[in-house]
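coords30.txt follows; it contains compact mmCIF, C-alpha atoms.
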# COMPACT_ATOMS: atom_id res chain seq x y z
CA MET A 1 0.00 0.00 0.00
CA LYS A 2 2.84 2.39 0.84
CA GLN A 3 4.36 1.67 -2.56
CA ALA A 4 1.03 2.53 -4.19
CA TYR A 5 0.94 5.89 -2.42
CA GLN A 6 4.40 6.67 -3.73
CA LEU A 7 3.16 6.10 -7.28
CA ALA A 8 0.38 8.70 -7.03
CA GLN A 9 1.08 11.32 -9.71
CA ASN A 10 -2.35 12.66 -10.70
CA LYS A 11 -5.73 13.50 -9.17
CA ILE A 12 -7.31 10.11 -9.88
CA ASP A 13 -4.38 8.25 -8.34
CA TYR A 14 -4.49 10.54 -5.32
CA ILE A 15 -8.22 9.95 -4.77
CA VAL A 16 -7.97 6.18 -5.29
CA PHE A 17 -4.93 5.64 -3.08
CA HIS A 18 -6.21 7.85 -0.24
CA ASN A 19 -9.85 6.77 -0.31
CA PRO A 20 -9.87 3.19 -1.72
CA LYS A 21 -12.97 2.03 0.14
CA LYS A 22 -15.27 4.75 -1.23
CA VAL A 23 -13.75 4.48 -4.69
CA SER A 24 -14.36 0.73 -4.68
CA GLU A 25 -18.00 1.34 -3.74
CA LEU A 26 -18.33 3.82 -6.61
CA LEU A 27 -16.93 1.27 -9.06
CA TYR A 28 -19.19 -1.46 -7.66
CA ASN A 29 -22.28 0.78 -8.02
CA GLN A 30 -21.37 1.21 -11.69
CA GLY A 31 -21.69 -2.58 -12.14
CA TYR A 32 -18.01 -3.55 -11.96
CA GLU A 33 -16.14 -5.72 -9.52
CA PRO A 34 -13.47 -3.52 -7.89
CA PRO A 35 -9.91 -4.94 -7.90
CA LYS A 36 -8.23 -5.48 -4.53
CA ASP A 37 -4.90 -4.07 -5.70
CA PRO A 38 -4.89 -0.23 -5.46
CA ILE A 39 -2.90 0.18 -8.68
CA ALA A 40 -5.35 -2.03 -10.59
CA LEU A 41 -8.21 -0.13 -8.94
CA SER A 42 -6.76 3.16 -10.13
CA GLU A 43 -6.40 1.83 -13.69
CA ALA A 44 -10.01 0.61 -13.62
CA ILE A 45 -11.22 4.05 -12.46
CA LYS A 46 -9.25 5.77 -15.24
CA GLU A 47 -10.75 3.44 -17.84
CA LEU A 48 -14.25 4.05 -16.54
CA SER A 49 -13.62 7.79 -16.49
CA ARG A 50 -12.80 7.66 -20.20
CA LYS A 51 -15.96 5.68 -20.93
CA LYS A 52 -18.43 7.52 -18.67
CA GLY A 53 -16.99 11.00 -19.05
CA ARG A 54 -17.75 14.09 -17.01
CA THR A 55 -20.64 12.73 -14.92
CA PHE A 56 -18.53 9.91 -13.51
CA ILE A 57 -15.56 12.21 -12.90
CA GLU A 58 -17.78 14.60 -10.95
CA ASP A 59 -18.87 11.71 -8.71
CA LEU A 60 -15.24 10.71 -8.28
CA VAL A 61 -14.19 14.24 -7.30
CA GLN A 62 -16.73 14.16 -4.47
CA LEU A 63 -14.57 11.42 -2.92
CA HIS A 64 -11.45 13.59 -2.82
CA PRO A 65 -9.95 13.22 0.68
CA ASP A 66 -9.17 16.95 0.88
CA LYS A 67 -12.52 18.11 -0.50
CA GLN A 68 -13.53 20.29 2.46
CA THR A 69 -10.15 22.00 2.61
CA ILE A 70 -10.22 22.78 -1.12
CA LEU A 71 -13.74 24.18 -0.91
CA SER A 72 -12.89 26.41 2.06
CA VAL A 73 -9.80 27.78 0.29
CA ASN A 74 -11.69 28.47 -2.93
CA GLN A 75 -14.48 30.17 -1.03
CA SER A 76 -12.10 32.42 0.88
CA LYS A 77 -10.49 33.47 -2.41
CA ALA A 78 -13.83 34.15 -4.06
CA ILE A 79 -15.13 36.46 -1.31
CA SER A 80 -13.34 39.63 -0.30
CA ASN A 81 -13.96 43.05 1.24
CA CYS A 82 -16.14 45.44 -0.77
CA GLY A 83 -14.57 48.84 -1.42
CA ALA A 84 -17.97 50.53 -1.35
CA CYS A 85 -19.86 49.13 1.67
CA LYS A 86 -16.83 47.63 3.49
CA ASN A 87 -18.61 44.29 4.02
CA ASP A 88 -16.88 40.96 3.42
CA SER A 89 -19.38 40.12 0.69
CA TYR A 90 -17.61 40.97 -2.56
CA ASN A 91 -17.67 38.13 -5.10
CA THR A 92 -14.37 38.45 -6.95
CA GLU A 93 -15.31 35.92 -9.64
CA GLY A 94 -18.64 37.57 -10.46
CA ASN A 95 -17.34 41.13 -9.82
CA TYR A 96 -20.23 42.23 -7.63
CA CYS A 97 -20.97 42.78 -3.96
CA LYS A 98 -23.75 40.66 -2.48
CA SER A 99 -24.55 43.42 0.03
CA CYS A 100 -24.65 46.62 -2.01
CA GLY A 101 -24.30 45.45 -5.63
CA HIS A 102 -21.11 47.45 -6.28
CA SER A 103 -18.86 46.37 -9.17
CA ASN A 104 -15.20 47.22 -9.58
CA TYR A 105 -13.81 48.72 -12.76
CA MET A 106 -12.45 45.89 -14.90
CA GLY A 107 -10.89 47.96 -17.68
CA SER A 108 -13.21 46.55 -20.35
CA GLY A 109 -14.76 49.76 -21.66
CA ASP A 110 -17.52 49.80 -19.03
CA GLU A 111 -16.70 53.33 -17.82
CA ASP A 112 -20.29 54.63 -18.04
CA SER A 113 -21.71 51.64 -16.21
CA PHE A 114 -19.03 51.87 -13.54
CA LEU A 115 -19.48 55.60 -12.91
CA GLY A 116 -23.26 55.22 -12.91
CA GLN A 117 -22.97 53.45 -9.57
CA PHE A 118 -21.95 56.71 -7.91
CA GLU A 119 -24.85 58.90 -9.05
CA ASP A 120 -26.54 58.64 -5.65
CA TYR A 121 -23.30 59.17 -3.74
CA LYS A 122 -22.99 62.42 -1.82
CA ASP A 123 -19.81 64.41 -2.39
CA ASN A 124 -18.26 63.36 0.92
CA GLU A 125 -19.11 59.70 0.25
CA LEU A 126 -17.48 59.82 -3.19
CA GLU A 127 -14.38 61.51 -1.76
CA LYS A 128 -14.11 58.81 0.91
CA TYR A 129 -14.33 56.11 -1.78
CA TYR A 130 -11.64 57.99 -3.72
CA ARG A 131 -9.27 57.97 -0.74
CA ASP A 132 -9.78 54.24 -0.26
CA ILE A 133 -9.16 53.41 -3.92
CA VAL A 134 -6.03 55.61 -3.95
CA ARG A 135 -4.69 53.63 -1.01
CA LYS A 136 -5.39 50.34 -2.81
CA SER A 137 -3.73 51.62 -5.97
CA ASN A 138 -0.64 52.68 -4.04
CA ASP A 139 -0.44 49.20 -2.52
CA ALA A 140 -0.67 47.60 -5.98
CA PRO A 141 1.09 50.01 -8.41
CA GLU A 142 1.21 47.32 -11.11
CA ASN A 143 -2.61 47.15 -11.26
CA LYS A 144 -3.56 49.32 -14.25
CA ASN A 145 -7.30 48.94 -13.65
CA LEU A 146 -6.97 50.44 -10.18
CA ALA A 147 -4.94 53.32 -11.58
CA GLN A 148 -7.61 54.01 -14.21
CA GLU A 149 -10.33 53.79 -11.56
CA VAL A 150 -8.50 56.38 -9.44
CA GLN A 151 -8.35 58.74 -12.43
CA MET A 152 -12.05 58.29 -13.29
CA ILE A 153 -13.19 58.90 -9.71
CA TRP A 154 -11.00 62.00 -9.47
CA ASN A 155 -12.47 63.34 -12.73
CA GLU A 156 -15.97 62.74 -11.37
CA ILE A 157 -15.15 64.67 -8.18
CA ARG A 158 -13.68 67.52 -10.23
CA LYS A 159 -16.77 67.70 -12.47
CA ARG A 160 -19.00 67.93 -9.43
CA LYS A 161 -16.97 70.80 -8.02
CA GLU A 162 -16.92 72.66 -11.34
CA LYS A 163 -20.65 72.20 -11.94
CA PRO A 164 -22.53 75.30 -10.74
CA SER A 165 -24.96 74.43 -8.01
CA LYS A 166 -28.57 75.55 -8.29
CA PRO A 167 -29.12 78.72 -6.24
CA GLU A 168 -31.29 78.00 -3.29
CA GLN A 169 -34.49 79.95 -3.19
CA SER A 170 -34.50 82.41 -0.33
CA PRO A 171 -37.49 82.45 2.05
CA LYS A 172 -38.28 86.02 1.00
CA GLU A 173 -38.45 85.10 -2.69
CA TYR A 174 -40.66 82.15 -1.87
CA GLN A 175 -42.83 84.37 0.29
CA ARG A 176 -43.16 86.92 -2.50
CA LYS A 177 -44.40 84.19 -4.83
CA LEU A 178 -47.01 83.14 -2.33
CA ILE A 179 -48.11 86.76 -1.76
CA SER A 180 -48.39 87.41 -5.45
CA ARG A 181 -50.68 84.39 -5.79
CA ASP A 182 -52.85 85.65 -2.92
CA ASP A 183 -52.94 89.06 -4.49
CA LEU A 184 -54.20 87.55 -7.74
CA ILE A 185 -56.94 85.72 -5.88
CA LEU A 186 -57.83 88.86 -3.93
CA ILE A 187 -57.94 90.92 -7.13
CA GLY A 188 -60.25 88.34 -8.67
CA VAL A 189 -62.58 88.43 -5.65
CA VAL A 190 -62.61 92.23 -5.59
CA PHE A 191 -63.33 92.32 -9.31
CA CYS A 192 -66.26 89.92 -8.94
CA ALA A 193 -67.60 91.83 -5.94
CA GLY A 194 -67.31 95.11 -7.81
CA ALA A 195 -69.18 93.67 -10.76
CA LEU A 196 -71.97 92.44 -8.52
CA VAL A 197 -72.23 95.79 -6.72
CA GLY A 198 -72.28 97.63 -10.01
CA HIS A 199 -74.99 95.34 -11.32
CA GLY A 200 -77.04 95.94 -8.16
CA LEU A 201 -76.78 99.68 -8.45
CA LYS A 202 -77.85 99.56 -12.06
CA PHE A 203 -80.83 97.39 -11.12
CA ASN A 204 -81.96 99.79 -8.36
CA SER A 205 -81.68 102.85 -10.60
CA SER A 206 -83.79 101.12 -13.18
CA ASN A 207 -86.52 100.41 -10.59
CA GLY A 208 -86.39 104.01 -9.38
CA LYS A 209 -87.34 105.19 -12.78
Render the structure in this file as structure tokens.
Amino acid sequence: MKQAYQLAQNKIDYIVFHNPKKVSELLYNQGYEPPKDPIALSEAIKELSRKKGRTFIEDLVQLHPDKQTILSVNQSKAISNCGACKNDSYNTEGNYCKSCGHSNYMGSGDEDSFLGQFEDYKDNELEKYYRDIVRKSNDAPENKNLAQEVQMIWNEIRKRKEKPSKPEQSPKEYQRKLISRDDLILIGVVFCAGALVGHGLKFNSSNGK
């Protein structure tokens, strides 16, 4: 058995030699009598893998003795800290945050889509994001995407500062608008009242005659 372990050079050998009992059961469930010798068992599994293809290989991979360790490592690599919401929920493979939906700039011509994420950001929030991304870029100077992202965010901040803000309406101006509307209503009422009074006077003078 020790000699068989020393011969393990690929994934199938590794699985067979380190989990022979489960591999034998898998082979038996496929309708074959599993060999007692681990080397012969490995050769039988390889032959069946060629015949059955991907479905059988997927079942075989489930018997990998280090399965849980591999899954935990892959998961830790796939999830990282989100630069926008700061939660450990950023899916690096899918390029999106499960918490806030933020996507990083990937340098693939998606500038408009990337910058669109910051439309609802307040100025101080965007500046905070800028400081964080500058720090990341300084830590990874070889990352061109980060450098481009820094430049785009800076340009967005500059545009906001250059864009003239809408003048806020003073309370007095607002009050004048309200008064002018009341004046119009009052003028209308006075006009109607005057017309009615004038009509009444005309009616009385007619009766006097």
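The spacing separating CA of Asn155 in chain A from CA of Ile79 in chain A amounts to 29.3 Å.
Here CA of Lys144 in chain A and CA of Asp120 in chain A stand 26.2 Å from one another.
Atom to atom, CA of Cys82 in chain A and CA of Lys159 in chain A stand 25.2 Å apart.
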task: Pick out the residues sitting within 8 Å of range 36-50 of chain A, and hand them over as a list in words; count all atoms listed in the file, and ignore anything fewer than 2 positions along from it in its own chain.
output: Met1, Ala4, Ile12, Asp13, Val16, Phe17, Pro20, Ser24, Leu27, Pro34, Lys52, Gly53, Arg54, Phe56 and Ile57 of chain A
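Minimum distance to Asn143 in chain A across A:Lys128, A:Asp123, A:Tyr105, A:Leu60 (counting only C-alpha atoms) occurs at A:Tyr105.
Minimum atom-to-atom distance to Glu149 in chain A, evaluated using all atoms listed in the file, belongs to A:Leu115 out of A:Pro35, A:Leu115, A:Tyr121, A:Lys161.
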- request: For Asp132 in chain A, list every protein, DNA or RNA residue within 12 Å, evaluated using all atoms listed in the file, and leave out those in the same chain fewer than 3 positions away; present the list as an MDAnalysis selection string.
  value: chainID A and resid 82:86 125:129 135:139 146 149:150 153
Using C-alpha atoms, can you export the residues from the last selection as a short mmCIF file (atom, residue, chain, number, x, y, z; two decimals), keeping the file's coordinate frame?
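What ended up in selection_21.cif:
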data_model
loop_
_atom_site.label_atom_id
_atom_site.label_comp_id
_atom_site.auth_asym_id
_atom_site.auth_seq_id
_atom_site.Cartn_x
_atom_site.Cartn_y
_atom_site.Cartn_z
CA CYS A 82 -16.14 45.44 -0.77
CA GLY A 83 -14.57 48.84 -1.42
CA ALA A 84 -17.97 50.53 -1.35
CA CYS A 85 -19.86 49.13 1.67
CA LYS A 86 -16.83 47.63 3.49
CA GLU A 125 -19.11 59.70 0.25
CA LEU A 126 -17.48 59.82 -3.19
CA GLU A 127 -14.38 61.51 -1.76
CA LYS A 128 -14.11 58.81 0.91
CA TYR A 129 -14.33 56.11 -1.78
CA ARG A 135 -4.69 53.63 -1.01
CA LYS A 136 -5.39 50.34 -2.81
CA SER A 137 -3.73 51.62 -5.97
CA ASN A 138 -0.64 52.68 -4.04
CA ASP A 139 -0.44 49.20 -2.52
CA LEU A 146 -6.97 50.44 -10.18
CA GLU A 149 -10.33 53.79 -11.56
CA VAL A 150 -8.50 56.38 -9.44
CA ILE A 153 -13.19 58.90 -9.71
#
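For the choices A:Cys97, A:Ile15, A:Ala140, A:Met106, the atom-to-atom distance to Asp59 in chain A is smallest for A:Ile15 when using all atoms listed in the file.
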Can I get a file of range 19-52 of chain A from the given structure, N, CA and C atoms kept, as a PDB file, in the first residue's frame?
ATOM      1  N   ASN A  19      -8.481   7.085  -0.698  1.00  0.00           N
ATOM      2  CA  ASN A  19      -9.853   6.768  -0.314  1.00  0.00           C
ATOM      3  C   ASN A  19     -10.321   5.511  -1.062  1.00  0.00           C
ATOM      4  N   PRO A  20      -9.590   4.400  -0.917  1.00  0.00           N
ATOM      5  CA  PRO A  20      -9.869   3.192  -1.720  1.00  0.00           C
ATOM      6  C   PRO A  20     -11.239   2.576  -1.437  1.00  0.00           C
ATOM      7  N   LYS A  21     -11.689   2.652  -0.206  1.00  0.00           N
ATOM      8  CA  LYS A  21     -12.969   2.030   0.139  1.00  0.00           C
ATOM      9  C   LYS A  21     -14.123   2.686  -0.608  1.00  0.00           C
ATOM     10  N   LYS A  22     -14.191   4.030  -0.559  1.00  0.00           N
ATOM     11  CA  LYS A  22     -15.273   4.755  -1.227  1.00  0.00           C
ATOM     12  C   LYS A  22     -15.161   4.635  -2.750  1.00  0.00           C
ATOM     13  N   VAL A  23     -13.959   4.629  -3.247  1.00  0.00           N
ATOM     14  CA  VAL A  23     -13.752   4.485  -4.695  1.00  0.00           C
ATOM     15  C   VAL A  23     -14.200   3.100  -5.150  1.00  0.00           C
ATOM     16  N   SER A  24     -13.926   2.096  -4.348  1.00  0.00           N
ATOM     17  CA  SER A  24     -14.364   0.731  -4.680  1.00  0.00           C
ATOM     18  C   SER A  24     -15.888   0.648  -4.709  1.00  0.00           C
ATOM     19  N   GLU A  25     -16.533   1.318  -3.769  1.00  0.00           N
ATOM     20  CA  GLU A  25     -17.995   1.341  -3.741  1.00  0.00           C
ATOM     21  C   GLU A  25     -18.545   2.031  -4.994  1.00  0.00           C
ATOM     22  N   LEU A  26     -17.897   3.104  -5.406  1.00  0.00           N
ATOM     23  CA  LEU A  26     -18.326   3.817  -6.613  1.00  0.00           C
ATOM     24  C   LEU A  26     -18.215   2.906  -7.833  1.00  0.00           C
ATOM     25  N   LEU A  27     -17.128   2.186  -7.934  1.00  0.00           N
ATOM     26  CA  LEU A  27     -16.926   1.274  -9.059  1.00  0.00           C
ATOM     27  C   LEU A  27     -17.947   0.137  -9.020  1.00  0.00           C
ATOM     28  N   TYR A  28     -18.222  -0.358  -7.822  1.00  0.00           N
ATOM     29  CA  TYR A  28     -19.192  -1.456  -7.662  1.00  0.00           C
ATOM     30  C   TYR A  28     -20.596  -0.997  -8.060  1.00  0.00           C
ATOM     31  N   ASN A  29     -20.953   0.240  -7.686  1.00  0.00           N
ATOM     32  CA  ASN A  29     -22.278   0.778  -8.025  1.00  0.00           C
ATOM     33  C   ASN A  29     -22.442   1.015  -9.521  1.00  0.00           C
ATOM     34  N   GLN A  30     -21.324   1.067 -10.232  1.00  0.00           N
ATOM     35  CA  GLN A  30     -21.373   1.211 -11.688  1.00  0.00           C
ATOM     36  C   GLN A  30     -21.488  -0.149 -12.386  1.00  0.00           C
ATOM     37  N   GLY A  31     -21.513  -1.236 -11.578  1.00  0.00           N
ATOM     38  CA  GLY A  31     -21.688  -2.576 -12.137  1.00  0.00           C
ATOM     39  C   GLY A  31     -20.399  -3.327 -12.395  1.00  0.00           C
ATOM     40  N   TYR A  32     -19.310  -2.895 -11.745  1.00  0.00           N
ATOM     41  CA  TYR A  32     -18.011  -3.545 -11.956  1.00  0.00           C
ATOM     42  C   TYR A  32     -17.482  -4.062 -10.623  1.00  0.00           C
ATOM     43  N   GLU A  33     -16.749  -5.153 -10.702  1.00  0.00           N
ATOM     44  CA  GLU A  33     -16.136  -5.721  -9.516  1.00  0.00           C
ATOM     45  C   GLU A  33     -14.809  -4.991  -9.262  1.00  0.00           C
ATOM     46  N   PRO A  34     -14.688  -4.292  -8.145  1.00  0.00           N
ATOM     47  CA  PRO A  34     -13.469  -3.519  -7.887  1.00  0.00           C
ATOM     48  C   PRO A  34     -12.272  -4.411  -7.565  1.00  0.00           C
ATOM     49  N   PRO A  35     -11.131  -4.159  -8.188  1.00  0.00           N
ATOM     50  CA  PRO A  35      -9.910  -4.935  -7.899  1.00  0.00           C
ATOM     51  C   PRO A  35      -9.432  -4.661  -6.466  1.00  0.00           C
ATOM     52  N   LYS A  36      -8.760  -5.626  -5.872  1.00  0.00           N
ATOM     53  CA  LYS A  36      -8.230  -5.479  -4.526  1.00  0.00           C
ATOM     54  C   LYS A  36      -6.951  -4.629  -4.544  1.00  0.00           C
ATOM     55  N   ASP A  37      -6.167  -4.794  -5.592  1.00  0.00           N
ATOM     56  CA  ASP A  37      -4.902  -4.074  -5.700  1.00  0.00           C
ATOM     57  C   ASP A  37      -5.165  -2.595  -6.007  1.00  0.00           C
ATOM     58  N   PRO A  38      -4.608  -1.653  -5.245  1.00  0.00           N
ATOM     59  CA  PRO A  38      -4.891  -0.228  -5.461  1.00  0.00           C
ATOM     60  C   PRO A  38      -4.450   0.274  -6.828  1.00  0.00           C
ATOM     61  N   ILE A  39      -3.351  -0.258  -7.356  1.00  0.00           N
ATOM     62  CA  ILE A  39      -2.903   0.184  -8.680  1.00  0.00           C
ATOM     63  C   ILE A  39      -3.890  -0.269  -9.748  1.00  0.00           C
ATOM     64  N   ALA A  40      -4.354  -1.520  -9.647  1.00  0.00           N
ATOM     65  CA  ALA A  40      -5.349  -2.028 -10.594  1.00  0.00           C
ATOM     66  C   ALA A  40      -6.659  -1.266 -10.438  1.00  0.00           C
ATOM     67  N   LEU A  41      -6.991  -0.910  -9.192  1.00  0.00           N
ATOM     68  CA  LEU A  41      -8.214  -0.128  -8.939  1.00  0.00           C
ATOM     69  C   LEU A  41      -8.118   1.239  -9.607  1.00  0.00           C
ATOM     70  N   SER A  42      -6.960   1.856  -9.512  1.00  0.00           N
ATOM     71  CA  SER A  42      -6.762   3.162 -10.134  1.00  0.00           C
ATOM     72  C   SER A  42      -6.885   3.065 -11.653  1.00  0.00           C
ATOM     73  N   GLU A  43      -6.308   2.001 -12.240  1.00  0.00           N
ATOM     74  CA  GLU A  43      -6.397   1.830 -13.693  1.00  0.00           C
ATOM     75  C   GLU A  43      -7.841   1.598 -14.125  1.00  0.00           C
ATOM     76  N   ALA A  44      -8.601   0.861 -13.306  1.00  0.00           N
ATOM     77  CA  ALA A  44     -10.012   0.608 -13.623  1.00  0.00           C
ATOM     78  C   ALA A  44     -10.815   1.904 -13.583  1.00  0.00           C
ATOM     79  N   ILE A  45     -10.523   2.752 -12.590  1.00  0.00           N
ATOM     80  CA  ILE A  45     -11.217   4.046 -12.463  1.00  0.00           C
ATOM     81  C   ILE A  45     -10.886   4.948 -13.649  1.00  0.00           C
ATOM     82  N   LYS A  46      -9.646   4.953 -14.087  1.00  0.00           N
ATOM     83  CA  LYS A  46      -9.247   5.767 -15.240  1.00  0.00           C
ATOM     84  C   LYS A  46      -9.959   5.309 -16.505  1.00  0.00           C
ATOM     85  N   GLU A  47     -10.058   3.991 -16.669  1.00  0.00           N
ATOM     86  CA  GLU A  47     -10.746   3.441 -17.838  1.00  0.00           C
ATOM     87  C   GLU A  47     -12.220   3.801 -17.818  1.00  0.00           C
ATOM     88  N   LEU A  48     -12.833   3.711 -16.644  1.00  0.00           N
ATOM     89  CA  LEU A  48     -14.250   4.047 -16.538  1.00  0.00           C
ATOM     90  C   LEU A  48     -14.476   5.543 -16.720  1.00  0.00           C
ATOM     91  N   SER A  49     -13.525   6.339 -16.305  1.00  0.00           N
ATOM     92  CA  SER A  49     -13.616   7.788 -16.495  1.00  0.00           C
ATOM     93  C   SER A  49     -13.635   8.143 -17.970  1.00  0.00           C
ATOM     94  N   ARG A  50     -12.836   7.417 -18.755  1.00  0.00           N
ATOM     95  CA  ARG A  50     -12.803   7.659 -20.202  1.00  0.00           C
ATOM     96  C   ARG A  50     -14.117   7.237 -20.853  1.00  0.00           C
ATOM     97  N   LYS A  51     -14.717   6.174 -20.343  1.00  0.00           N
ATOM     98  CA  LYS A  51     -15.963   5.677 -20.931  1.00  0.00           C
ATOM     99  C   LYS A  51     -17.177   6.519 -20.507  1.00  0.00           C
ATOM    100  N   LYS A  52     -17.250   6.826 -19.216  1.00  0.00           N
ATOM    101  CA  LYS A  52     -18.430   7.519 -18.674  1.00  0.00           C
ATOM    102  C   LYS A  52     -18.357   9.037 -18.855  1.00  0.00           C
TER     103      LYS A  52
END
